[in-house]
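**Student:** Structure below; questions to follow.
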Amino acid sequence: MATADWSRKTSDVPEGARRQWRADRALRPPMRSPGRPDPSREVQRQFWRLIATGVTTVEASLAVGVSWPVGTRWFRHAGGMPPLSLAEPTARYLSFEEREEIALLRAKQVGVREIARRIGRDPGTVSRELRRNAATRSGKQEYRALVAQWKAQQAAKRPKPAKLASNDRLRDYVQERLAGNIRRPDGTIVVGPQPPAWKGLNKPHRQDRRWATAWSPGQISHRMKVDFPDDESMRISHEAIYQSLFIQGRGALKRELVACLRTGRALRQPRARAQNRAQGHVTADVVFSERPAEAADRAVPGHWEGDLIIGSGRSAIGTIVERRSRSTLLLHLPRLEGWGEIAPIKNGPALGGYGAVAMNAALTASMTKLPEQLRKTLTWDRGKELSGHAQFALETGTKVFFADPHSPWQRPTNENTNGLLRQYFPKGTDLSRWSAEDLEAVALALNNRPRKSLDWKTPAEVFEEQLRSLQQTGVATTG
């Protein structure tokens with residue numbers, strides 16, 4: 001019946017052309033009807049390139065011209081990992097733009113050889129393209145660029161079974177190291193806590209997690225070479241393990257095993273997305289990437305870095321360091337009245353001494369003692385203690401910027417200074433017992449210690465030179 005229908009639909013087509021269609025159809029497996037074909041691979045490459053820069057899925061979707069539900073589906077189905085190479089395809093293959101040109105010329109009844117001449121391709125290439133990738137749902141060959149692109153992409157796929165899916169021994173080894181039971185020295189299993197059911201999301205927030213051996217994919221991959229030095233079948237890269245966990249449809253490892261990873265993430269998070277991201281008190285205009293370029297150059301004075309060093313009992317000392325001279329100022333943050341006597345109140349005052357209000361007051365008192373030219377910027381970490389940075393910038397004229405999460409190297413001078421200060425204020429000790437005069441004495445000792453980075457000058461000497469230079473500039477301008 002189907003053959004008779006096909007014959008009726010194509011009765012006005014020459015028999016030779018019909019034979020060629022059947023031959024072309026016989027050389028490849030049946031293709032499902034695409035409905036509305038997916039966007040081209042070029043669009044998907046642009047989407048994943050934008051994801052790699054750190055933008056959100058919604059922003060990347062809108063930028064490439066697809067709806068955000070489609071972009072979200074791409075991201076989730078791929079586990080946050082690009083499912084295709086982001087490198088541009090070689091000129092060997094027809095591009096979507098060339099297929100659009102073929103469709104337009106074909107609609108104008110332009111011949112195959114003329115089309116080939118205009119797009120700079122061999123006539124055989126154009127002829128095969130028109131035969132193989134034309135739309136045939138109407139019973140006739142009708143060339144449309146979007147359908148042709150989809151058919152070419154489907155025919156170009158070369159799927160192969162995942163290594164973990166075809167090698168049971170390898171899969172069992174990976175699964176045991178990733179999600180195996182914790183055991184006592186005598187071999188008995190430790191049950192551990194009962195975690196909540198996995199719902200396809202990240203690890204449960206502030207709830208028990210299943211106790212497992214929890215080797216990382218990198219540890220599993222490299223340990224195989226030790227355990228099976230002569231068995232090449234017991235080899236797999238850490239990236240292949242991650243793909244089996246994150247990408248839907250791989251079928252090798254159960255998706256819920258992502259809960260055994262250290263991060264417990266259900267999707268891979270692009271590295272750039274964790275950087276330069278505004279959150280809470282860190283707005284888009286004060287992220288690290290917005291800091292002026294001169295702040296990165298130690299040739300210009302007046303750029304500072306700051307942080308807290310924490311002691312026992314929620315005690316703390318504020319530290320700020322000038323990048324060029326390495327001159328250090330210590331902020332006294334005494335505990336407020338009622339500490340240890342009044343029960344903590346949610347969203348109430350921070351009685352430990354380093355809440356936003358106390359921090360602003362201490363910073364303002366220290367920075368306003370400096371000339372305006374020597375308090376241009378302050379780079380802080382992501383701590384909530386500086387959530388009142390807008391008020392501080394208004395009162396002092398010092399622009400505040402926040403380093404990216406987990407990026408202490410963006411405040412190297414301050415991190416180095418905090419290490420030196422631990423000689424005086426060790427971890428685990430009560431820092432609230434020291435007075436402002438005590439902190440001033442420690443800062444004086446540190447600022448009079450010669451530094452190799454300053455050609456064995458002291459931070460105090462270099463800072464004094466900066467002050468004299470500013471005074472001379474002011475006199476010359478006045479004169």
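Within each chain, counting starts at residue 1; across the structure tokens, chains are named A, B, ... in the order shown, with ligands numbered 1 upward in that order.
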Per DSSP on the backbone, what are the strand (DSSP E) residues of segment 214-441 of chain A, as a ChimeraX atom specification?

**Tutor:** /A:303-310,316-322,328-331,377-380,399-402

**Student:** Among segment 204-422 of chain A, which ones does DSSP place in helix (DSSP H, G or I), written as number ranges by chain?

**Tutor:** A: 217-227, 238-246, 255-260, 271-274, 284-286, 288-290, 293-296, 312-314, 356-367, 372-374, 384-386, 389-396, 408-410, 412-421

**Student:** Identify, on the basis of only C-alpha atoms, every residue whose closest approach to Pro89 of chain A does not exceed 10 Å; exclude the query and any residue fewer than 6 positions from it along the same chain; express the result as a PyMOL selection string.

**Tutor:** chain A and resi 41-42+95

**Student:** Counting only C-alpha atoms, which residues in segment 452-473 of chain A sit no more than 12 Å from segment 328-336 of chain A? For each one, give the nearest pair of atoms and the distance in Å, sorted by chain then residue number, as a Markdown table.

**Tutor:**
```
| residue | atom | partner | partner_atom | distance |
| --- | --- | --- | --- | --- |
| A:Thr458 | CA | A:Thr328 | CA | 11.3 |
| A:Pro459 | CA | A:Thr328 | CA | 8.1 |
| A:Ala460 | CA | A:Thr328 | CA | 9.0 |
| A:Val462 | CA | A:Thr328 | CA | 11.9 |
| A:Phe463 | CA | A:Thr328 | CA | 10.1 |
```

**Student:** Pick out the residues sitting within 9 Å of segment 181-194 of chain A, and hand them over as a ChimeraX atom specification; count only C-alpha atoms, and ignore anything fewer than 5 positions along from it in its own chain.

**Tutor:** /A:176,208-213

**Student:** By how many Å are atom CA of Arg158 of chain A and atom CA of Leu94 of chain A apart?

**Tutor:**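 Separation of atom CA of Arg158 of chain A and atom CA of Leu94 of chain A: 18.0 Å.
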
**Student:** Using only C-alpha atoms, which residues of segment 190-266 of chain A come within 12 Å of segment 165-171 of chain A, and what is the closest atom pair for each, with the distance in Å to one decimal? Give it as a tab-separated table, sorted by chain and residue number.

**Tutor:**
```
residue	atom	partner	partner_atom	distance
A:Ile220	CA	A:Leu170	CA	10.7
A:Ser221	CA	A:Leu170	CA	10.6
A:Met224	CA	A:Leu170	CA	9.5
A:Phe228	CA	A:Leu170	CA	10.9
A:Asp231	CA	A:Leu170	CA	10.9
A:Glu232	CA	A:Leu170	CA	10.8
A:Ser233	CA	A:Leu170	CA	7.8
A:Met234	CA	A:Leu170	CA	5.9
A:Arg235	CA	A:Leu170	CA	7.9
A:Ile236	CA	A:Leu170	CA	8.4
A:Ser237	CA	A:Leu170	CA	11.8
A:Ala240	CA	A:Ala165	CA	11.3
A:Ile241	CA	A:Arg171	CA	9.6
A:Ser244	CA	A:Ala165	CA	9.1
A:Leu245	CA	A:Arg171	CA	12.0
A:Gly249	CA	A:Ala165	CA	11.1
A:Arg250	CA	A:Ala165	CA	8.0
A:Gly251	CA	A:Ala165	CA	6.6
A:Ala252	CA	A:Ala165	CA	4.5
A:Leu253	CA	A:Arg171	CA	7.7
A:Lys254	CA	A:Arg171	CA	10.9
```

**Student:** Restricting the calculation to only C-alpha atoms: of A:Arg382, A:Arg76, A:Arg323, A:Lys427, which residue gets closest to His406 of chain A?

**Tutor:**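 With only C-alpha atoms as the atom set, the closest residue is A:Arg382.
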
**Student:** Return the single residue from A:Gln243, A:Thr398, A:Asn414, A:Asn202 that is closest to Gly306 of chain A, with distances computed using only C-alpha atoms.

**Tutor:** A:Asn414

**Student:** Rounded to one decimal, what separation in Å do you get between atom CA of Trp74 of chain A and atom CA of Leu86 of chain A?

**Tutor:**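 Spanning atom CA of Trp74 of chain A to atom CA of Leu86 of chain A is a straight-line distance of 14.7 Å.
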
**Student:** What's around segment 309-313 of chain A at 6 Å? Count only C-alpha atoms, leave out sequence neighbours fewer than 5 positions away in its own chain, and write the answer as JSON, numbers by chain.

**Tutor:** {"A": [427, 428, 429, 430, 431]}

**Student:** Residues near Val58 of chain A, anyone? I mean within 9 Å using only C-alpha atoms, not counting same-chain ones fewer than 6 positions away, as a JSON list (two decimals) with C-alpha atoms, in the first residue's frame.

**Tutor:**
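Everything below was put into part_32.json:
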```json
[["chain", "number", "residue", "atom", "x", "y", "z"],
["A", 67, "SER", "CA", 14.20, 30.62, 23.22],
["A", 68, "TRP", "CA", 15.54, 30.24, 26.74],
["A", 69, "PRO", "CA", 13.69, 26.90, 27.33],
["A", 71, "GLY", "CA", 18.88, 26.77, 25.65],
["A", 72, "THR", "CA", 18.12, 25.38, 29.11]]
```

**Student:** Which is closer to Pro195 of chain A than all the others in A:Leu84, A:Leu164, A:Ala295, A:Cys260, using only C-alpha atoms?

**Tutor:**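 Checking each candidate against Pro195 of chain A, we get A:Cys260 as the closest.
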
**Student:** Sorted by chain and rising residue number, which residues of segment 117-209 of chain A lie within 10 Å of segment 100-111 of chain A, and what are their closest atom pairs and distances in Å to one decimal, counting only C-alpha atoms, as a Markdown table?

**Tutor:**
```
| residue | atom | partner | partner_atom | distance |
| --- | --- | --- | --- | --- |
| A:Arg118 | CA | A:Glu101 | CA | 9.1 |
| A:Ile119 | CA | A:Glu101 | CA | 7.7 |
| A:Pro123 | CA | A:Gly111 | CA | 9.8 |
| A:Val126 | CA | A:Ile102 | CA | 8.0 |
| A:Ser127 | CA | A:Gly111 | CA | 9.9 |
| A:Glu129 | CA | A:Ile102 | CA | 9.2 |
| A:Leu130 | CA | A:Ile102 | CA | 8.7 |
| A:Ala134 | CA | A:Ala103 | CA | 9.7 |
| A:Glu142 | CA | A:Ala103 | CA | 9.0 |
| A:Tyr143 | CA | A:Ala103 | CA | 6.0 |
| A:Arg144 | CA | A:Ala103 | CA | 5.8 |
| A:Ala145 | CA | A:Glu100 | CA | 5.0 |
| A:Leu146 | CA | A:Glu100 | CA | 8.0 |
| A:Ala148 | CA | A:Glu100 | CA | 9.3 |
| A:Gln149 | CA | A:Glu100 | CA | 9.4 |
```

**Student:** Only C-alpha atoms, please: the residues just picked out, written as a CSV table (one decimal), in the first residue's frame.

**Tutor:**
```csv
chain,number,residue,atom,x,y,z
A,118,ARG,CA,28.7,30.9,-8.1
A,119,ILE,CA,29.4,29.3,-4.7
A,123,PRO,CA,29.2,20.5,-9.7
A,126,VAL,CA,26.0,20.4,-5.5
A,127,SER,CA,24.4,17.6,-7.4
A,129,GLU,CA,23.6,17.8,-2.0
A,130,LEU,CA,20.4,18.3,-4.0
A,134,ALA,CA,16.4,17.6,-0.2
A,142,GLU,CA,12.2,20.2,-2.7
A,143,TYR,CA,15.4,21.7,-1.5
A,144,ARG,CA,15.2,23.7,1.7
A,145,ALA,CA,18.4,24.9,3.5
A,146,LEU,CA,17.2,24.2,7.1
A,148,ALA,CA,19.3,20.0,4.3
A,149,GLN,CA,21.4,21.2,7.2
```

**Student:** What is the distance, in Å and to one decimal place, between atom CA of Arg121 of chain A and atom CA of Gln44 of chain A?

**Tutor:**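 Those two atoms sit 25.5 Å apart.
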
**Student:** Considering only C-alpha atoms, can you say which of A:Gly419, A:Gly318, A:Pro371, A:Pro83 comes closest to Glu385 of chain A?

**Tutor:** A:Gly318
